[in-house]
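K.L.:
PDB, C-alpha atoms, saved as final-v5.pdb, coming up:
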ATOM      1  CA  MET A 267     -21.804  14.454  34.932  1.00  0.00           C
ATOM      2  CA  ALA A 268     -20.985  14.304  31.276  1.00  0.00           C
ATOM      3  CA  GLY A 269     -19.508  17.419  29.705  1.00  0.00           C
ATOM      4  CA  GLN A 270     -17.957  18.656  26.499  1.00  0.00           C
ATOM      5  CA  ILE A 271     -14.929  20.459  25.142  1.00  0.00           C
ATOM      6  CA  THR A 272     -15.726  22.658  22.146  1.00  0.00           C
ATOM      7  CA  GLY A 273     -13.559  23.724  19.244  1.00  0.00           C
ATOM      8  CA  LEU A 274     -10.877  22.038  17.175  1.00  0.00           C
ATOM      9  CA  GLU A 275      -7.947  23.715  18.911  1.00  0.00           C
ATOM     10  CA  ALA A 276      -9.353  23.123  22.399  1.00  0.00           C
ATOM     11  CA  VAL A 277      -9.977  19.439  21.704  1.00  0.00           C
ATOM     12  CA  MET A 278      -6.479  19.000  20.280  1.00  0.00           C
ATOM     13  CA  LYS A 279      -4.882  20.666  23.303  1.00  0.00           C
ATOM     14  CA  ALA A 280      -6.943  18.569  25.729  1.00  0.00           C
ATOM     15  CA  LEU A 281      -5.856  15.345  24.025  1.00  0.00           C
ATOM     16  CA  GLU A 282      -2.220  16.433  23.968  1.00  0.00           C
ATOM     17  CA  LYS A 283      -2.379  17.241  27.697  1.00  0.00           C
ATOM     18  CA  GLY A 284      -3.777  13.815  28.502  1.00  0.00           C
ATOM     19  CA  VAL A 285      -7.303  14.908  29.397  1.00  0.00           C
ATOM     20  CA  GLU A 286      -9.532  11.833  29.542  1.00  0.00           C
ATOM     21  CA  ILE A 287     -11.873  12.084  26.557  1.00  0.00           C
ATOM     22  CA  ASP A 288     -14.492   9.466  25.840  1.00  0.00           C
ATOM     23  CA  ARG A 289     -15.443  10.355  22.270  1.00  0.00           C
ATOM     24  CA  VAL A 290     -14.770  13.037  19.648  1.00  0.00           C
ATOM     25  CA  LEU A 291     -17.250  14.329  17.078  1.00  0.00           C
ATOM     26  CA  VAL A 292     -15.970  16.152  13.975  1.00  0.00           C
ATOM     27  CA  ASP A 293     -17.619  17.999  11.104  1.00  0.00           C
ATOM     28  CA  ARG A 294     -17.272  15.768   8.062  1.00  0.00           C
ATOM     29  CA  ASP A 295     -17.142  18.791   5.755  1.00  0.00           C
ATOM     30  CA  HIS A 296     -13.973  20.288   7.289  1.00  0.00           C
ATOM     31  CA  ASP A 297     -10.351  19.193   7.319  1.00  0.00           C
ATOM     32  CA  THR A 298      -9.762  17.575  10.710  1.00  0.00           C
ATOM     33  CA  SER A 299      -6.992  15.223   9.617  1.00  0.00           C
ATOM     34  CA  ALA A 300      -4.617  16.221  12.432  1.00  0.00           C
ATOM     35  CA  LEU A 301      -7.284  15.565  15.057  1.00  0.00           C
ATOM     36  CA  ARG A 302      -8.246  12.288  13.399  1.00  0.00           C
ATOM     37  CA  ASP A 303      -4.623  11.132  13.459  1.00  0.00           C
ATOM     38  CA  LEU A 304      -4.298  12.096  17.132  1.00  0.00           C
ATOM     39  CA  CYS A 305      -7.477  10.227  18.068  1.00  0.00           C
ATOM     40  CA  LEU A 306      -6.266   7.179  16.162  1.00  0.00           C
ATOM     41  CA  ARG A 307      -2.905   7.281  17.947  1.00  0.00           C
ATOM     42  CA  LEU A 308      -4.553   7.666  21.371  1.00  0.00           C
ATOM     43  CA  ALA A 309      -7.345   5.148  20.625  1.00  0.00           C
ATOM     44  CA  VAL A 310     -10.061   7.723  21.252  1.00  0.00           C
ATOM     45  CA  PRO A 311     -13.314   6.882  19.415  1.00  0.00           C
ATOM     46  CA  LEU A 312     -14.225   9.412  16.732  1.00  0.00           C
ATOM     47  CA  GLU A 313     -17.576  10.068  15.049  1.00  0.00           C
ATOM     48  CA  GLU A 314     -18.418  12.176  12.020  1.00  0.00           C
ATOM     49  CA  GLY A 315     -21.379  14.524  11.870  1.00  0.00           C
ATOM     50  CA  SER A 316     -22.817  17.206   9.648  1.00  0.00           C
ATOM     51  CA  THR A 317     -22.315  20.917  10.226  1.00  0.00           C
ATOM     52  CA  ASN A 318     -25.862  20.976  11.596  1.00  0.00           C
ATOM     53  CA  ASP A 319     -25.055  18.134  14.005  1.00  0.00           C
ATOM     54  CA  LEU A 320     -22.093  20.033  15.384  1.00  0.00           C
ATOM     55  CA  TRP A 321     -24.093  23.256  15.649  1.00  0.00           C
ATOM     56  CA  ARG A 322     -26.921  21.547  17.556  1.00  0.00           C
ATOM     57  CA  MET A 323     -24.636  19.653  19.910  1.00  0.00           C
ATOM     58  CA  SER A 324     -22.201  22.442  20.707  1.00  0.00           C
ATOM     59  CA  ALA A 325     -22.655  24.267  24.002  1.00  0.00           C
ATOM     60  CA  ASP A 326     -21.406  27.523  22.524  1.00  0.00           C
ATOM     61  CA  GLY A 327     -22.420  27.632  18.868  1.00  0.00           C
ATOM     62  CA  SER A 328     -20.964  26.392  15.605  1.00  0.00           C
ATOM     63  CA  GLN A 329     -17.821  24.267  15.962  1.00  0.00           C
ATOM     64  CA  ILE A 330     -15.703  21.931  13.852  1.00  0.00           C
ATOM     65  CA  ALA A 331     -14.965  19.498  16.670  1.00  0.00           C
ATOM     66  CA  LEU A 332     -16.460  18.513  20.023  1.00  0.00           C
ATOM     67  CA  ALA A 333     -15.221  16.134  22.704  1.00  0.00           C
ATOM     68  CA  LEU A 334     -17.368  14.228  25.193  1.00  0.00           C
ATOM     69  CA  THR A 335     -15.954  13.868  28.700  1.00  0.00           C
ATOM     70  CA  GLY A 336     -17.121  12.148  31.856  1.00  0.00           C
ATOM     71  CA  ARG A 337     -19.105   9.359  30.234  1.00  0.00           C
ATOM     72  CA  LYS A 338     -17.481   6.024  29.450  1.00  0.00           C
ATOM     73  CA  GLN A 339     -19.009   4.042  26.585  1.00  0.00           C
ATOM     74  CA  TYR A 340     -19.304   0.819  28.563  1.00  0.00           C
ATOM     75  CA  GLU A 341     -20.889  -2.238  26.963  1.00  0.00           C
ATOM     76  CA  HIS A 342     -21.738  -4.310  30.041  1.00  0.00           C
ATOM     77  CA  LEU A 343     -24.126  -3.819  32.966  1.00  0.00           C
ATOM     78  CA  GLU A 344     -21.469  -4.467  35.595  1.00  0.00           C
ATOM     79  CA  GLU A 345     -19.211  -1.741  34.173  1.00  0.00           C
ATOM     80  CA  VAL A 346     -21.996   0.833  33.991  1.00  0.00           C
ATOM     81  CA  MET A 347     -23.120   0.183  37.569  1.00  0.00           C
ATOM     82  CA  ALA A 348     -19.550   0.199  38.874  1.00  0.00           C
ATOM     83  CA  HIS A 349     -18.936   3.588  37.239  1.00  0.00           C
ATOM     84  CA  GLY A 350     -22.145   4.899  38.806  1.00  0.00           C
ATOM     85  CA  GLY A 351     -23.406   8.441  38.449  1.00  0.00           C
ATOM     86  CA  CYS A 352     -26.922   9.053  37.152  1.00  0.00           C
ATOM     87  CA  LEU A 353     -28.354   5.985  35.412  1.00  0.00           C
ATOM     88  CA  TRP A 354     -31.799   5.247  33.984  1.00  0.00           C
ATOM     89  CA  LEU A 355     -34.012   2.163  33.790  1.00  0.00           C
ATOM     90  CA  PHE A 356     -37.031   2.356  31.496  1.00  0.00           C
ATOM     91  CA  ASP A 357     -38.851  -0.533  33.132  1.00  0.00           C
ATOM     92  CA  GLY A 358     -40.932  -2.622  30.746  1.00  0.00           C
ATOM     93  CA  VAL A 359     -41.181   0.122  28.122  1.00  0.00           C
ATOM     94  CA  GLU A 360     -41.845  -1.659  24.834  1.00  0.00           C
ATOM     95  CA  TYR A 361     -42.645   1.068  22.293  1.00  0.00           C
ATOM     96  CA  SER A 362     -39.407   1.661  20.402  1.00  0.00           C
ATOM     97  CA  THR A 363     -40.092   5.277  19.478  1.00  0.00           C
ATOM     98  CA  ASN A 364     -40.844   6.123  23.116  1.00  0.00           C
ATOM     99  CA  LEU A 365     -37.581   4.459  24.132  1.00  0.00           C
ATOM    100  CA  GLY A 366     -35.681   6.516  21.576  1.00  0.00           C
ATOM    101  CA  PHE A 367     -37.164   9.766  22.875  1.00  0.00           C
ATOM    102  CA  ALA A 368     -36.367   8.746  26.465  1.00  0.00           C
ATOM    103  CA  ILE A 369     -32.758   7.824  25.648  1.00  0.00           C
ATOM    104  CA  ARG A 370     -32.290  11.215  24.012  1.00  0.00           C
ATOM    105  CA  THR A 371     -33.592  12.960  27.151  1.00  0.00           C
ATOM    106  CA  ALA A 372     -31.265  10.909  29.357  1.00  0.00           C
ATOM    107  CA  GLU A 373     -28.277  11.794  27.168  1.00  0.00           C
ATOM    108  CA  VAL A 374     -29.120  15.503  27.003  1.00  0.00           C
ATOM    109  CA  SER A 375     -29.441  15.666  30.785  1.00  0.00           C
ATOM    110  CA  GLY A 376     -25.933  14.261  31.308  1.00  0.00           C
ATOM    111  CA  ALA A 377     -26.776  10.736  32.474  1.00  0.00           C
ATOM    112  CA  ASN A 378     -24.101   8.055  32.494  1.00  0.00           C
ATOM    113  CA  GLY A 379     -26.114   5.208  31.030  1.00  0.00           C
ATOM    114  CA  VAL A 380     -29.503   3.766  30.101  1.00  0.00           C
ATOM    115  CA  ILE A 381     -30.604   0.238  30.988  1.00  0.00           C
ATOM    116  CA  LEU A 382     -33.486  -1.618  29.331  1.00  0.00           C
ATOM    117  CA  ASN A 383     -35.139  -4.826  30.539  1.00  0.00           C
ATOM    118  CA  VAL A 384     -36.986  -5.602  27.301  1.00  0.00           C
ATOM    119  CA  SER A 385     -35.888  -7.650  24.296  1.00  0.00           C
ATOM    120  CA  LYS A 386     -35.550  -5.804  20.984  1.00  0.00           C
ATOM    121  CA  THR A 387     -34.944  -7.067  17.478  1.00  0.00           C
ATOM    122  CA  HIS A 388     -32.307  -5.528  15.256  1.00  0.00           C
ATOM    123  CA  GLU A 389     -34.966  -3.541  13.400  1.00  0.00           C
ATOM    124  CA  GLU A 390     -36.504  -2.295  16.651  1.00  0.00           C
ATOM    125  CA  ARG A 391     -33.086  -1.139  17.844  1.00  0.00           C
ATOM    126  CA  ARG A 392     -32.701   0.789  14.592  1.00  0.00           C
ATOM    127  CA  THR A 393     -36.023   2.492  15.313  1.00  0.00           C
ATOM    128  CA  ILE A 394     -34.829   3.362  18.819  1.00  0.00           C
ATOM    129  CA  ARG A 395     -31.650   4.847  17.375  1.00  0.00           C
ATOM    130  CA  ARG A 396     -33.523   6.956  14.838  1.00  0.00           C
ATOM    131  CA  ALA A 397     -36.002   8.234  17.421  1.00  0.00           C
ATOM    132  CA  SER A 398     -33.143   9.137  19.781  1.00  0.00           C
ATOM    133  CA  MET A 399     -31.494  11.179  16.985  1.00  0.00           C
ATOM    134  CA  ARG A 400     -28.626   8.686  17.337  1.00  0.00           C
ATOM    135  CA  ALA A 401     -28.019   9.749  20.928  1.00  0.00           C
ATOM    136  CA  ASP A 402     -27.028   6.147  21.645  1.00  0.00           C
ATOM    137  CA  ARG A 403     -23.674   6.995  20.020  1.00  0.00           C
ATOM    138  CA  PHE A 404     -22.865   9.044  23.098  1.00  0.00           C
ATOM    139  CA  ILE A 405     -24.400   7.116  26.005  1.00  0.00           C
ATOM    140  CA  PRO A 406     -24.231   3.413  26.899  1.00  0.00           C
ATOM    141  CA  VAL A 407     -27.517   1.591  26.300  1.00  0.00           C
ATOM    142  CA  ILE A 408     -27.448  -1.785  28.061  1.00  0.00           C
ATOM    143  CA  TYR A 409     -29.970  -4.628  27.777  1.00  0.00           C
ATOM    144  CA  SER A 410     -30.420  -6.903  30.786  1.00  0.00           C
ATOM    145  CA  THR A 411     -33.032  -8.627  32.958  1.00  0.00           C
ATOM    146  CA  THR A 412     -34.890  -7.035  35.859  1.00  0.00           C
ATOM    147  CA  GLN A 413     -33.303  -9.268  38.476  1.00  0.00           C
ATOM    148  CA  GLU A 414     -29.786  -8.785  37.097  1.00  0.00           C
ATOM    149  CA  ILE A 415     -30.304  -5.009  37.181  1.00  0.00           C
ATOM    150  CA  ILE A 416     -31.545  -5.034  40.779  1.00  0.00           C
ATOM    151  CA  ASP A 417     -28.762  -7.352  41.953  1.00  0.00           C
ATOM    152  CA  CYS A 418     -26.085  -5.306  40.186  1.00  0.00           C
ATOM    153  CA  ALA A 419     -27.393  -2.051  41.657  1.00  0.00           C
ATOM    154  CA  ARG A 420     -27.211  -3.577  45.129  1.00  0.00           C
ATOM    155  CA  ARG A 421     -23.648  -4.828  44.613  1.00  0.00           C
ATOM    156  CA  HIS A 422     -22.478  -1.362  43.653  1.00  0.00           C
ATOM    157  CA  ASN A 423     -24.549   0.617  46.180  1.00  0.00           C
ATOM    158  CA  VAL A 424     -26.551   2.358  43.471  1.00  0.00           C
ATOM    159  CA  ARG A 425     -29.757   3.778  44.963  1.00  0.00           C
ATOM    160  CA  ILE A 426     -32.971   2.961  43.084  1.00  0.00           C
ATOM    161  CA  VAL A 427     -35.394   5.892  42.843  1.00  0.00           C
ATOM    162  CA  VAL A 428     -38.719   5.109  41.192  1.00  0.00           C
ATOM    163  CA  ALA A 429     -41.317   7.509  39.788  1.00  0.00           C
ATOM    164  CA  GLU A 430     -44.766   6.031  40.420  1.00  0.00           C
ATOM    165  CA  ASP A 431     -48.159   7.196  41.662  1.00  0.00           C
ATOM    166  CA  VAL A 432     -47.743   5.355  44.978  1.00  0.00           C
ATOM    167  CA  GLY A 433     -45.037   7.831  45.984  1.00  0.00           C
ATOM    168  CA  HIS A 434     -45.581  10.379  48.739  1.00  0.00           C
ATOM    169  CA  GLN A 435     -43.214  13.194  47.764  1.00  0.00           C
ATOM    170  CA  GLY A 436     -42.118  15.054  44.659  1.00  0.00           C
ATOM    171  CA  PRO A 437     -38.810  14.453  42.834  1.00  0.00           C
ATOM    172  CA  TRP A 438     -37.478  17.764  44.238  1.00  0.00           C
ATOM    173  CA  ASP A 439     -37.885  16.360  47.765  1.00  0.00           C
ATOM    174  CA  GLU A 440     -35.712  13.303  47.077  1.00  0.00           C
ATOM    175  CA  ASP A 441     -31.916  13.225  46.800  1.00  0.00           C
ATOM    176  CA  MET A 442     -30.993  12.301  43.229  1.00  0.00           C
ATOM    177  CA  THR A 443     -27.269  12.981  43.512  1.00  0.00           C
ATOM    178  CA  GLY A 444     -24.537  10.373  43.899  1.00  0.00           C
ATOM    179  CA  ASP A 445     -24.909   6.952  42.317  1.00  0.00           C
ATOM    180  CA  VAL A 446     -28.581   6.594  41.467  1.00  0.00           C
ATOM    181  CA  LEU A 447     -30.772   4.544  39.145  1.00  0.00           C
ATOM    182  CA  LEU A 448     -33.852   6.533  38.107  1.00  0.00           C
ATOM    183  CA  VAL A 449     -36.780   4.335  37.069  1.00  0.00           C
ATOM    184  CA  VAL A 450     -39.801   5.175  34.938  1.00  0.00           C
ATOM    185  CA  GLY A 451     -42.241   2.492  33.794  1.00  0.00           C
ATOM    186  CA  ALA A 452     -44.465   1.957  30.789  1.00  0.00           C
ATOM    187  CA  GLU A 453     -47.511   4.197  30.552  1.00  0.00           C
ATOM    188  CA  ARG A 454     -50.052   1.362  30.821  1.00  0.00           C
ATOM    189  CA  ASN A 455     -48.497  -0.883  33.464  1.00  0.00           C
ATOM    190  CA  GLY A 456     -46.158   1.451  35.329  1.00  0.00           C
ATOM    191  CA  VAL A 457     -43.124   0.228  37.247  1.00  0.00           C
ATOM    192  CA  SER A 458     -43.066  -3.505  37.945  1.00  0.00           C
ATOM    193  CA  GLN A 459     -43.660  -4.785  41.468  1.00  0.00           C
ATOM    194  CA  ASP A 460     -40.193  -6.364  41.582  1.00  0.00           C
ATOM    195  CA  VAL A 461     -38.549  -2.983  40.966  1.00  0.00           C
ATOM    196  CA  LEU A 462     -40.896  -1.217  43.395  1.00  0.00           C
ATOM    197  CA  ASP A 463     -40.049  -3.754  46.092  1.00  0.00           C
ATOM    198  CA  ALA A 464     -36.321  -3.196  45.497  1.00  0.00           C
ATOM    199  CA  SER A 465     -36.536   0.607  45.404  1.00  0.00           C
ATOM    200  CA  ASP A 466     -34.924   2.898  47.965  1.00  0.00           C
ATOM    201  CA  ALA A 467     -37.390   5.710  47.297  1.00  0.00           C
ATOM    202  CA  VAL A 468     -40.591   6.294  45.323  1.00  0.00           C
ATOM    203  CA  VAL A 469     -41.485   9.768  44.099  1.00  0.00           C
ATOM    204  CA  LYS A 470     -44.718  11.018  42.584  1.00  0.00           C
ATOM    205  CA  LEU A 471     -45.270  13.689  39.965  1.00  0.00           C
ATOM    206  CA  PRO A 472     -48.063  16.037  41.037  1.00  0.00           C
ATOM    207  CA  MET A 473     -51.254  15.586  39.011  1.00  0.00           C
ATOM    208  CA  ASP A 474     -54.549  17.467  39.167  1.00  0.00           C
ATOM    209  CA  GLY A 475     -56.582  16.181  36.236  1.00  0.00           C
ATOM    210  CA  PHE A 476     -58.856  13.232  35.436  1.00  0.00           C
ATOM    211  CA  VAL A 477     -56.420  11.322  33.205  1.00  0.00           C
ATOM    212  CA  PRO A 478     -54.520   8.957  35.542  1.00  0.00           C
ATOM    213  CA  SER A 479     -50.952   9.620  34.406  1.00  0.00           C
ATOM    214  CA  TYR A 480     -48.595  11.727  32.330  1.00  0.00           C
ATOM    215  CA  ASN A 481     -47.082  10.188  29.239  1.00  0.00           C
ATOM    216  CA  LEU A 482     -43.648   8.626  29.502  1.00  0.00           C
ATOM    217  CA  GLN A 483     -41.811  11.607  28.038  1.00  0.00           C
ATOM    218  CA  VAL A 484     -43.179  14.030  30.611  1.00  0.00           C
ATOM    219  CA  ALA A 485     -42.187  11.780  33.505  1.00  0.00           C
ATOM    220  CA  VAL A 486     -38.688  11.253  32.121  1.00  0.00           C
ATOM    221  CA  SER A 487     -38.240  14.972  31.430  1.00  0.00           C
ATOM    222  CA  VAL A 488     -39.330  16.062  34.912  1.00  0.00           C
ATOM    223  CA  LEU A 489     -36.962  13.622  36.617  1.00  0.00           C
ATOM    224  CA  ALA A 490     -34.119  14.376  34.204  1.00  0.00           C
ATOM    225  CA  VAL A 491     -34.235  18.136  34.702  1.00  0.00           C
ATOM    226  CA  GLU A 492     -34.590  17.831  38.479  1.00  0.00           C
ATOM    227  CA  ALA A 493     -31.694  15.359  38.706  1.00  0.00           C
ATOM    228  CA  LEU A 494     -29.568  17.643  36.533  1.00  0.00           C
ATOM    229  CA  ARG A 495     -30.429  20.627  38.744  1.00  0.00           C
ATOM    230  CA  GLN A 496     -29.537  18.788  41.939  1.00  0.00           C
ATOM    231  CA  ARG A 497     -26.331  17.332  40.579  1.00  0.00           C
ATOM    232  CA  GLY A 498     -25.243  20.658  39.126  1.00  0.00           C
ATOM    233  CA  ASN A 499     -25.870  22.415  42.439  1.00  0.00           C
ATOM    234  CA  LYS A 500     -23.859  19.799  44.310  1.00  0.00           C
ATOM    235  CA  GLN A 501     -20.998  20.034  41.831  1.00  0.00           C
ATOM    236  CA  ASN A 502     -20.975  23.821  42.206  1.00  0.00           C
ATOM    237  CA  GLY A 503     -21.232  23.684  45.995  1.00  0.00           C
ATOM    238  CA  ASN A 504     -24.753  25.121  46.080  1.00  0.00           C
ATOM    239  CA  LYS A 505     -27.709  23.900  48.069  1.00  0.00           C
TER
END
Have the structure of the file written as structure tokens, please.
P.N.:
Amino acid sequence: MAGQITGLEAVMKALEKGVEIDRVLVDRDHDTSALRDLCLRLAVPLEEGSTNDLWRMSADGSQIALALTGRKQYEHLEEVMAHGGCLWLFDGVEYSTNLGFAIRTAEVSGANGVILNVSKTHEERRTIRRASMRADRFIPVIYSTTQEIIDCARRHNVRIVVAEDVGHQGPWDEDMTGDVLLVVGAERNGVSQDVLDASDAVVKLPMDGFVPSYNLQVAVSVLAVEALRQRGNKQNGNK
């Protein structure tokens, strides 16, 4: 899972010791010239943020610098699938604001990448970025076709776990550790038949009302928190 190192001194020491760091975020209103020079020398990507950005993103309060670990910023589908971990496919989701919210949830929950099988204009991608609170700076967001995604998952032994109302068990009853592609579909049409046919498991969120489905954000949030719980327990040696 993705993690972070907090604090200017801690980030500097980690870089000097050769810890693999994927990206550094610094407070633009503080002097971080030494860290900037070190990142430049080591070719570690660096982003600037406001004091509020750093405060919100830090795991332990206000900091001048943060480092992201455990999540490579890959640009190609093959690389993301080969790296594995917890990945997401938002199957056929068109509404850009919804996609932004979903990408933010995936990033917060420690996922390794997001894959989209819809075409988006430059302006639509800007809307996605704004809605995600620019979370796409810290997680790969890859655009591809449905068949390419399925084929690539098979090549790299990534299990496909779909959330859809044809499932017979809850997310907590399905193993979401290891290399897994979690799939949520658009609210109107759901997950496509091609992805359902290729899935290794289908889970269902319990519902007890008259409206036929939760909105996209609820489905993504339930799966994200459950996957994070399972993966954290496995990492810590718990059941």
K.L.:
Find, counting all atoms listed in the file, the residue in A:Gln496, A:Ser375, A:Ser299, A:Asn364 that gets nearest to Gly269 in chain A.
P.N.:
A:Ser375
K.L.:
As an exercise, work out the distance from CA of Val380 in chain A to CA of Glu430 in chain A in Å and give it to one decimal place.
P.N.:
18.6 Å
K.L.:
Write out as a list of chain:residue names the residues lying within 6 Å of range 466-478 of chain A, counting all atoms listed in the file and excluding same-chain residues fewer than 6 positions away.
P.N.:
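What passes the distance filter is A:Ile426, A:Val427, A:Val428, A:Ala429, A:Glu430, A:Asp431, A:Gly433, A:Gln435, A:Gly436, A:Pro437.
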K.L.:
Show me a table, sorted first by chain and then by increasing residue number, of the residues of range 361-390 of chain A having an atom at most 12 Å from range 452-456 of chain A, each with its shortest atom pair and the distance in Å to one decimal, counting all atoms listed in the file and written as CSV.
P.N.:
residue,atom,partner,partner_atom,distance
A:Tyr361,CA,A:Ala452,CA,8.7
A:Ser362,CA,A:Ala452,CA,11.6
A:Asn364,CA,A:Ala452,CA,9.5
A:Leu365,CA,A:Ala452,CA,9.9
A:Ala368,CA,A:Ala452,CA,11.4
A:Leu382,CA,A:Ala452,CA,11.6
A:Asn383,CA,A:Ala452,CA,11.5
A:Val384,CA,A:Ala452,CA,11.2
K.L.:
Determine the nearest neighbour of Val432 in chain A from the options A:Arg391, A:Val407, A:Leu462, A:Asp417, counting all atoms listed in the file.
P.N.:
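Closest residue, counting all atoms listed in the file: A:Leu462.
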K.L.:
Please, what distance in Å, to one decimal, runs between CA of Gln329 in chain A and CA of Asn378 in chain A?
P.N.:
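Here the two named atoms are 24.0 Å from each other.
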K.L.:
So which residues touch Val461 in chain A within 10 Å, counting only C-alpha atoms, skipping near sequence neighbours fewer than 2 positions away, as an MDAnalysis selection string?
P.N.:
chainID A and resid 355 357 412:413 415:416 426:428 449 451 457:459 463:466
